[in-house]
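Since the structure comes first, as C-alpha cells, the remarks are kept for the end.
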Amino acid sequence: MTEQSAPRPTDRRSLALMLLLTALGAVLVLTAVGRTWARGTVTGLDGGRLEISATGSTLTGLPGGLALVALAAAVAVFAVRGRARAAVGVLTVLAGLGAGAGALLGATDTAGLHAEAARKLALADAQAQQISHSGWPWVALAGGVLLALAGVLTVRSGRHWPAMGARYEAPTRRAAAAPRAAANSPADLWKALDRGEDPTG
C-alpha cells in the first residue's frame, strides 16, 4: 500500500540520485574499459622491440559486463515492487562490487599483456616486458563504487519510489469506458433509431 501512495519529494530526490549514480557509474566503467590499461614491449624474432598494449576489455570483461547489468537493474526498478525491488538493489550492489573487483585485478594484470605479446608474435611462450599500467582501471573502480552506492540506495529507499502498475492502466480503461457510456446516452439512441439501426444490438 505504501508504494501506491503519492511519492514524497524526498523519495523523488532519492530516486533521481539512484539514476544519476547508476548512469555516471556505468559511463565511467564503460569508458574506462575501452581505454588502454597496460603497455609493454616484446622482443621480436629479428631481435627488435615491439610495443604492445591492452585495453580494459581485453584484460577483463567483468567490469563492462557488470556495468550493463547495473543499467538493466536500474530500469527494472520501475517494473517491480517490494522485495523484488530490494532484490534488484542487491543485484546492483553485487554488480558494482564485481565491476570494482575486476578493475582492481586489471590494474595489476600481466597475464593479459603476455597473451597479447604471444598473439602479436604468434609464439605461445612470448612474454611482455617493461610493463606499465595506466590510471584507467582506477576510473573503472570509481564507477563500480558508484554503482554499488546506487544499489544500496535502492535497497534502503526503493520501497517508497513510484512504480509502473495498475494506476497507469486505469486511465486507458476509463477512456475505453467513456465512449461506451456516451453511446448509451438518450440522444445517441434516438439518432440510431433515426438511421434505422437497432440501438440495443
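By order in the C-alpha cells, chains are A, B, ...; within a chain, residues start at 1; ligands start at 1, following the order shown.
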
Counting only C-alpha atoms, which residues in range 16-80 of chain A sit no more than 12 Å from range 142-166 of chain A? For each one, give the nearest pair of atoms and the distance in Å, sorted by chain then residue number, as a tab-separated table.
```
residue	atom	partner	partner_atom	distance
A:Ala16	CA	A:Trp161	CA	10.0
A:Leu17	CA	A:Ala150	CA	7.8
A:Met18	CA	A:Ala150	CA	4.8
A:Leu19	CA	A:Ala150	CA	7.4
A:Leu20	CA	A:Ala150	CA	8.3
A:Leu21	CA	A:Leu146	CA	5.5
A:Thr22	CA	A:Leu147	CA	5.2
A:Ala23	CA	A:Leu147	CA	8.4
A:Leu24	CA	A:Gly143	CA	7.1
A:Gly25	CA	A:Gly143	CA	3.8
A:Ala26	CA	A:Gly143	CA	6.2
A:Val27	CA	A:Gly143	CA	7.5
A:Leu28	CA	A:Gly143	CA	5.0
A:Val29	CA	A:Gly143	CA	5.2
A:Leu30	CA	A:Gly143	CA	8.8
A:Thr31	CA	A:Gly143	CA	9.7
A:Ala32	CA	A:Gly143	CA	9.0
A:Val33	CA	A:Gly143	CA	10.9
A:Leu62	CA	A:Gly144	CA	10.9
A:Pro63	CA	A:Gly144	CA	7.7
A:Gly64	CA	A:Gly144	CA	9.9
A:Gly65	CA	A:Gly144	CA	11.5
A:Leu66	CA	A:Gly144	CA	8.8
A:Ala67	CA	A:Gly144	CA	7.6
A:Leu68	CA	A:Leu147	CA	10.6
A:Val69	CA	A:Leu147	CA	10.2
A:Ala70	CA	A:Leu147	CA	6.9
A:Leu71	CA	A:Leu147	CA	8.9
A:Ala72	CA	A:Leu147	CA	11.8
A:Ala73	CA	A:Gly151	CA	9.0
A:Ala74	CA	A:Ala150	CA	8.7
A:Val75	CA	A:Ala163	CA	10.7
A:Ala76	CA	A:Ala163	CA	9.8
A:Val77	CA	A:Ala163	CA	7.6
A:Phe78	CA	A:Ala163	CA	4.7
A:Ala79	CA	A:Met164	CA	5.7
A:Val80	CA	A:Ala163	CA	6.9
```

May I have the selected residues written with N, CA and C atoms, as a short mmCIF file (atom, residue, chain, number, x, y, z; two decimals), in the first residue's frame?
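Generated file (again.cif):
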```
data_model
loop_
_atom_site.label_atom_id
_atom_site.label_comp_id
_atom_site.auth_asym_id
_atom_site.auth_seq_id
_atom_site.Cartn_x
_atom_site.Cartn_y
_atom_site.Cartn_z
N ALA A 16 16.00 10.01 -8.13
CA ALA A 16 16.83 10.74 -9.09
C ALA A 16 18.31 10.52 -8.80
N LEU A 17 18.67 10.47 -7.52
CA LEU A 17 20.06 10.24 -7.15
C LEU A 17 20.51 8.85 -7.56
N MET A 18 19.63 7.85 -7.37
CA MET A 18 19.97 6.49 -7.78
C MET A 18 20.22 6.42 -9.29
N LEU A 19 19.35 7.07 -10.06
CA LEU A 19 19.52 7.07 -11.51
C LEU A 19 20.81 7.78 -11.92
N LEU A 20 21.11 8.88 -11.23
CA LEU A 20 22.34 9.61 -11.53
C LEU A 20 23.57 8.78 -11.22
N LEU A 21 23.58 8.14 -10.05
CA LEU A 21 24.72 7.30 -9.67
C LEU A 21 24.90 6.14 -10.65
N THR A 22 23.79 5.54 -11.05
CA THR A 22 23.88 4.41 -11.99
C THR A 22 24.42 4.86 -13.33
N ALA A 23 23.86 5.97 -13.84
CA ALA A 23 24.30 6.45 -15.16
C ALA A 23 25.77 6.86 -15.12
N LEU A 24 26.15 7.62 -14.10
CA LEU A 24 27.54 8.08 -14.01
C LEU A 24 28.50 6.91 -13.82
N GLY A 25 28.13 5.98 -12.93
CA GLY A 25 28.98 4.82 -12.69
C GLY A 25 29.16 3.98 -13.95
N ALA A 26 28.06 3.74 -14.68
CA ALA A 26 28.15 2.94 -15.90
C ALA A 26 28.99 3.65 -16.96
N VAL A 27 28.82 4.96 -17.08
CA VAL A 27 29.61 5.72 -18.06
C VAL A 27 31.10 5.62 -17.73
N LEU A 28 31.44 5.77 -16.46
CA LEU A 28 32.85 5.67 -16.07
C LEU A 28 33.43 4.30 -16.40
N VAL A 29 32.68 3.26 -16.05
CA VAL A 29 33.18 1.90 -16.28
C VAL A 29 33.31 1.62 -17.78
N LEU A 30 32.25 1.91 -18.53
CA LEU A 30 32.25 1.59 -19.96
C LEU A 30 33.26 2.42 -20.74
N THR A 31 33.48 3.66 -20.29
CA THR A 31 34.52 4.47 -20.93
C THR A 31 35.89 3.93 -20.61
N ALA A 32 36.10 3.57 -19.35
CA ALA A 32 37.42 3.10 -18.92
C ALA A 32 37.84 1.80 -19.59
N VAL A 33 36.89 0.86 -19.74
CA VAL A 33 37.27 -0.44 -20.30
C VAL A 33 37.65 -0.35 -21.78
N LEU A 62 34.86 -8.42 -17.10
CA LEU A 62 34.00 -8.32 -15.92
C LEU A 62 33.42 -6.92 -15.70
N PRO A 63 34.22 -5.86 -15.65
CA PRO A 63 33.64 -4.53 -15.35
C PRO A 63 32.59 -4.08 -16.37
N GLY A 64 32.89 -4.23 -17.65
CA GLY A 64 31.96 -3.79 -18.68
C GLY A 64 30.65 -4.56 -18.64
N GLY A 65 30.75 -5.87 -18.49
CA GLY A 65 29.54 -6.70 -18.44
C GLY A 65 28.66 -6.37 -17.24
N LEU A 66 29.28 -6.19 -16.08
CA LEU A 66 28.51 -5.90 -14.88
C LEU A 66 27.95 -4.49 -14.88
N ALA A 67 28.60 -3.56 -15.56
CA ALA A 67 28.04 -2.21 -15.70
C ALA A 67 26.73 -2.27 -16.48
N LEU A 68 26.68 -3.11 -17.51
CA LEU A 68 25.45 -3.28 -18.27
C LEU A 68 24.36 -3.94 -17.43
N VAL A 69 24.75 -4.87 -16.57
CA VAL A 69 23.79 -5.49 -15.65
C VAL A 69 23.19 -4.43 -14.73
N ALA A 70 24.03 -3.54 -14.21
CA ALA A 70 23.54 -2.48 -13.32
C ALA A 70 22.58 -1.54 -14.04
N LEU A 71 22.87 -1.23 -15.29
CA LEU A 71 21.97 -0.38 -16.07
C LEU A 71 20.61 -1.05 -16.25
N ALA A 72 20.64 -2.34 -16.56
CA ALA A 72 19.39 -3.08 -16.71
C ALA A 72 18.61 -3.13 -15.40
N ALA A 73 19.32 -3.26 -14.29
CA ALA A 73 18.68 -3.30 -12.98
C ALA A 73 18.01 -1.96 -12.67
N ALA A 74 18.62 -0.85 -13.06
CA ALA A 74 18.03 0.47 -12.82
C ALA A 74 16.71 0.61 -13.56
N VAL A 75 16.61 0.03 -14.75
CA VAL A 75 15.35 0.06 -15.49
C VAL A 75 14.33 -0.86 -14.83
N ALA A 76 14.80 -2.01 -14.35
CA ALA A 76 13.89 -2.98 -13.72
C ALA A 76 13.28 -2.45 -12.44
N VAL A 77 13.91 -1.48 -11.81
CA VAL A 77 13.38 -0.90 -10.57
C VAL A 77 11.96 -0.39 -10.77
N PHE A 78 11.65 0.13 -11.96
CA PHE A 78 10.33 0.71 -12.21
C PHE A 78 9.27 -0.35 -12.48
N ALA A 79 9.69 -1.57 -12.73
CA ALA A 79 8.75 -2.62 -13.07
C ALA A 79 8.42 -3.55 -11.91
N VAL A 80 9.13 -3.42 -10.79
CA VAL A 80 8.92 -4.31 -9.65
C VAL A 80 8.65 -3.51 -8.39
#
```

Could you find all residues in range 23-151 of chain A that DSSP calls helix (DSSP H, G or I) from the backbone, and write them as number ranges by chain? A: 23-33, 56-59, 62-79, 82-107, 111-121, 136-151

Expressed in Å, the length from CA of Ala122 in chain A to CA of Gly44 in chain A is 10.3 Å

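Among the residues of range 33-197 of chain A, backbone DSSP assigns strand (DSSP E or B) to Thr36, Trp37, Ala38, Arg39, Gly40, Thr41, Val42, Thr43, Arg49, Leu50, Glu51, Ile52, Ser53, Ala54, Thr55, Gln129, Gln130, Ile131, Ser132 and His133 of chain A.
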
Since we have the selection now, will you write its residues out, keeping all heavy atoms, as a short mmCIF file (atom, residue, chain, number, x, y, z; two decimals), in the first residue's frame?
```cif
data_model
loop_
_atom_site.label_atom_id
_atom_site.label_comp_id
_atom_site.auth_asym_id
_atom_site.auth_seq_id
_atom_site.Cartn_x
_atom_site.Cartn_y
_atom_site.Cartn_z
N THR A 36 43.28 2.14 -22.90
CA THR A 36 44.45 1.30 -22.66
C THR A 36 44.74 1.20 -21.17
O THR A 36 44.88 2.22 -20.49
CB THR A 36 45.68 1.87 -23.38
OG1 THR A 36 45.41 1.90 -24.79
CG2 THR A 36 46.91 1.02 -23.11
N TRP A 37 44.81 -0.03 -20.68
CA TRP A 37 45.10 -0.26 -19.26
C TRP A 37 46.56 -0.65 -19.03
O TRP A 37 47.10 -0.41 -17.96
CB TRP A 37 44.19 -1.36 -18.71
CG TRP A 37 42.79 -0.89 -18.42
CD1 TRP A 37 42.18 0.20 -18.96
CD2 TRP A 37 41.85 -1.49 -17.54
NE1 TRP A 37 40.90 0.32 -18.48
CE2 TRP A 37 40.67 -0.71 -17.60
CE3 TRP A 37 41.87 -2.60 -16.72
CZ2 TRP A 37 39.53 -1.01 -16.86
CZ3 TRP A 37 40.73 -2.92 -15.99
CH2 TRP A 37 39.57 -2.13 -16.05
N ALA A 38 47.16 -1.29 -20.01
CA ALA A 38 48.53 -1.79 -19.82
C ALA A 38 49.32 -1.65 -21.11
O ALA A 38 48.78 -1.81 -22.21
CB ALA A 38 48.52 -3.25 -19.36
N ARG A 39 50.60 -1.34 -20.95
CA ARG A 39 51.52 -1.24 -22.09
C ARG A 39 52.79 -2.02 -21.78
O ARG A 39 53.12 -2.24 -20.61
CB ARG A 39 51.89 0.22 -22.36
CG ARG A 39 50.78 1.07 -22.90
CD ARG A 39 51.30 2.47 -23.28
NE ARG A 39 50.26 3.30 -23.88
CZ ARG A 39 49.41 4.05 -23.21
NH1 ARG A 39 49.48 4.07 -21.87
NH2 ARG A 39 48.50 4.76 -23.84
N GLY A 40 53.49 -2.39 -22.81
CA GLY A 40 54.74 -3.10 -22.63
C GLY A 40 55.45 -3.25 -23.95
O GLY A 40 55.03 -2.70 -24.98
N THR A 41 56.50 -4.00 -23.94
CA THR A 41 57.25 -4.30 -25.15
C THR A 41 57.50 -5.80 -25.23
O THR A 41 57.42 -6.51 -24.22
CB THR A 41 58.62 -3.57 -25.17
OG1 THR A 41 59.39 -4.01 -24.05
CG2 THR A 41 58.43 -2.06 -25.12
N VAL A 42 57.77 -6.25 -26.42
CA VAL A 42 58.10 -7.66 -26.62
C VAL A 42 59.21 -7.74 -27.67
O VAL A 42 59.24 -6.94 -28.61
CB VAL A 42 56.86 -8.47 -27.07
CG1 VAL A 42 56.32 -7.96 -28.41
CG2 VAL A 42 57.18 -9.95 -27.14
N THR A 43 60.13 -8.65 -27.47
CA THR A 43 61.25 -8.81 -28.41
C THR A 43 60.82 -9.65 -29.59
O THR A 43 60.34 -10.78 -29.43
CB THR A 43 62.44 -9.48 -27.71
OG1 THR A 43 62.82 -8.70 -26.57
CG2 THR A 43 63.62 -9.59 -28.67
N ARG A 49 62.43 -4.57 -30.76
CA ARG A 49 61.37 -4.49 -29.75
C ARG A 49 60.10 -3.91 -30.36
O ARG A 49 60.13 -2.91 -31.07
CB ARG A 49 61.82 -3.64 -28.57
CG ARG A 49 62.87 -4.34 -27.70
CD ARG A 49 63.12 -3.56 -26.42
NE ARG A 49 64.03 -4.26 -25.55
CZ ARG A 49 63.69 -5.22 -24.68
NH1 ARG A 49 62.42 -5.58 -24.60
NH2 ARG A 49 64.58 -5.79 -23.93
N LEU A 50 58.99 -4.54 -30.03
CA LEU A 50 57.68 -4.09 -30.48
C LEU A 50 56.87 -3.61 -29.29
O LEU A 50 56.90 -4.25 -28.22
CB LEU A 50 56.93 -5.23 -31.19
CG LEU A 50 57.58 -5.84 -32.43
CD1 LEU A 50 56.77 -7.02 -32.91
CD2 LEU A 50 57.73 -4.79 -33.52
N GLU A 51 56.17 -2.51 -29.45
CA GLU A 51 55.30 -2.02 -28.40
C GLU A 51 53.95 -2.72 -28.48
O GLU A 51 53.40 -2.91 -29.56
CB GLU A 51 55.11 -0.51 -28.52
CG GLU A 51 56.36 0.30 -28.23
CD GLU A 51 56.09 1.79 -28.20
OE1 GLU A 51 54.92 2.18 -28.42
OE2 GLU A 51 57.04 2.55 -27.96
N ILE A 52 53.44 -3.09 -27.32
CA ILE A 52 52.12 -3.73 -27.26
C ILE A 52 51.30 -3.03 -26.18
O ILE A 52 51.84 -2.40 -25.26
CB ILE A 52 52.23 -5.24 -26.94
CG1 ILE A 52 53.02 -5.47 -25.65
CG2 ILE A 52 52.83 -6.01 -28.10
CD1 ILE A 52 53.04 -6.90 -25.20
N SER A 53 50.00 -3.14 -26.31
CA SER A 53 49.10 -2.55 -25.31
C SER A 53 47.83 -3.37 -25.25
O SER A 53 47.52 -4.15 -26.16
CB SER A 53 48.78 -1.09 -25.68
OG SER A 53 48.11 -1.03 -26.91
N ALA A 54 47.10 -3.19 -24.18
CA ALA A 54 45.83 -3.92 -23.99
C ALA A 54 44.83 -3.00 -23.33
O ALA A 54 45.15 -2.29 -22.37
CB ALA A 54 46.06 -5.17 -23.15
N THR A 55 43.60 -3.01 -23.84
CA THR A 55 42.52 -2.23 -23.23
C THR A 55 41.94 -2.98 -22.05
O THR A 55 42.20 -4.17 -21.85
CB THR A 55 41.42 -1.95 -24.25
OG1 THR A 55 40.84 -3.21 -24.66
CG2 THR A 55 41.96 -1.22 -25.47
N GLN A 129 57.48 -7.34 -21.73
CA GLN A 129 58.49 -6.77 -20.84
C GLN A 129 58.20 -5.29 -20.65
O GLN A 129 57.41 -4.69 -21.38
CB GLN A 129 59.90 -6.96 -21.44
CG GLN A 129 60.26 -8.41 -21.69
CD GLN A 129 61.53 -8.55 -22.50
OE1 GLN A 129 62.03 -7.58 -23.08
NE2 GLN A 129 62.05 -9.77 -22.56
N GLN A 130 58.84 -4.72 -19.64
CA GLN A 130 58.68 -3.28 -19.34
C GLN A 130 57.19 -2.90 -19.25
O GLN A 130 56.74 -1.94 -19.86
CB GLN A 130 59.39 -2.44 -20.40
CG GLN A 130 60.88 -2.70 -20.48
CD GLN A 130 61.56 -1.89 -21.58
OE1 GLN A 130 60.93 -1.47 -22.54
NE2 GLN A 130 62.86 -1.67 -21.43
N ILE A 131 56.46 -3.69 -18.50
CA ILE A 131 55.01 -3.49 -18.40
C ILE A 131 54.69 -2.30 -17.50
O ILE A 131 55.27 -2.14 -16.42
CB ILE A 131 54.34 -4.77 -17.84
CG1 ILE A 131 54.55 -5.93 -18.81
CG2 ILE A 131 52.85 -4.53 -17.59
CD1 ILE A 131 54.04 -7.26 -18.30
N SER A 132 53.78 -1.48 -17.96
CA SER A 132 53.28 -0.36 -17.15
C SER A 132 51.76 -0.31 -17.26
O SER A 132 51.19 -0.78 -18.26
CB SER A 132 53.89 0.97 -17.63
OG SER A 132 53.50 1.24 -18.96
N HIS A 133 51.14 0.24 -16.23
CA HIS A 133 49.68 0.33 -16.20
C HIS A 133 49.24 1.79 -16.15
O HIS A 133 49.90 2.63 -15.54
CB HIS A 133 49.12 -0.43 -14.99
CG HIS A 133 49.32 -1.91 -15.07
ND1 HIS A 133 50.50 -2.53 -14.68
CD2 HIS A 133 48.51 -2.90 -15.51
CE1 HIS A 133 50.39 -3.84 -14.86
NE2 HIS A 133 49.19 -4.09 -15.37
#
```

Excluding Trp138 in chain A and its own-chain neighbours fewer than 2 positions away, which residues fall within 8 Å of it when counting only C-alpha atoms? Please give them as number ranges by chain. A: 103-104, 107, 135-136, 140-142

Considering only C-alpha atoms, return as a list in words whatever protein or nucleic-acid residues lie within 8 Å of Gly112 in chain A, sequence-local ones (same chain, fewer than 4 positions apart) excluded. Ala54, Thr58, Leu59 and Glu116 of chain A

Could you check how far CA of Ser134 in chain A sits from CA of Arg35 in chain A, in Å to one decimal?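 If I compute the distance from CA of Ser134 in chain A to CA of Arg35 in chain A, I get 9.1 Å.
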
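Atom to atom, CA of Gly100 in chain A and CA of Leu113 in chain A stand 20.1 Å apart.
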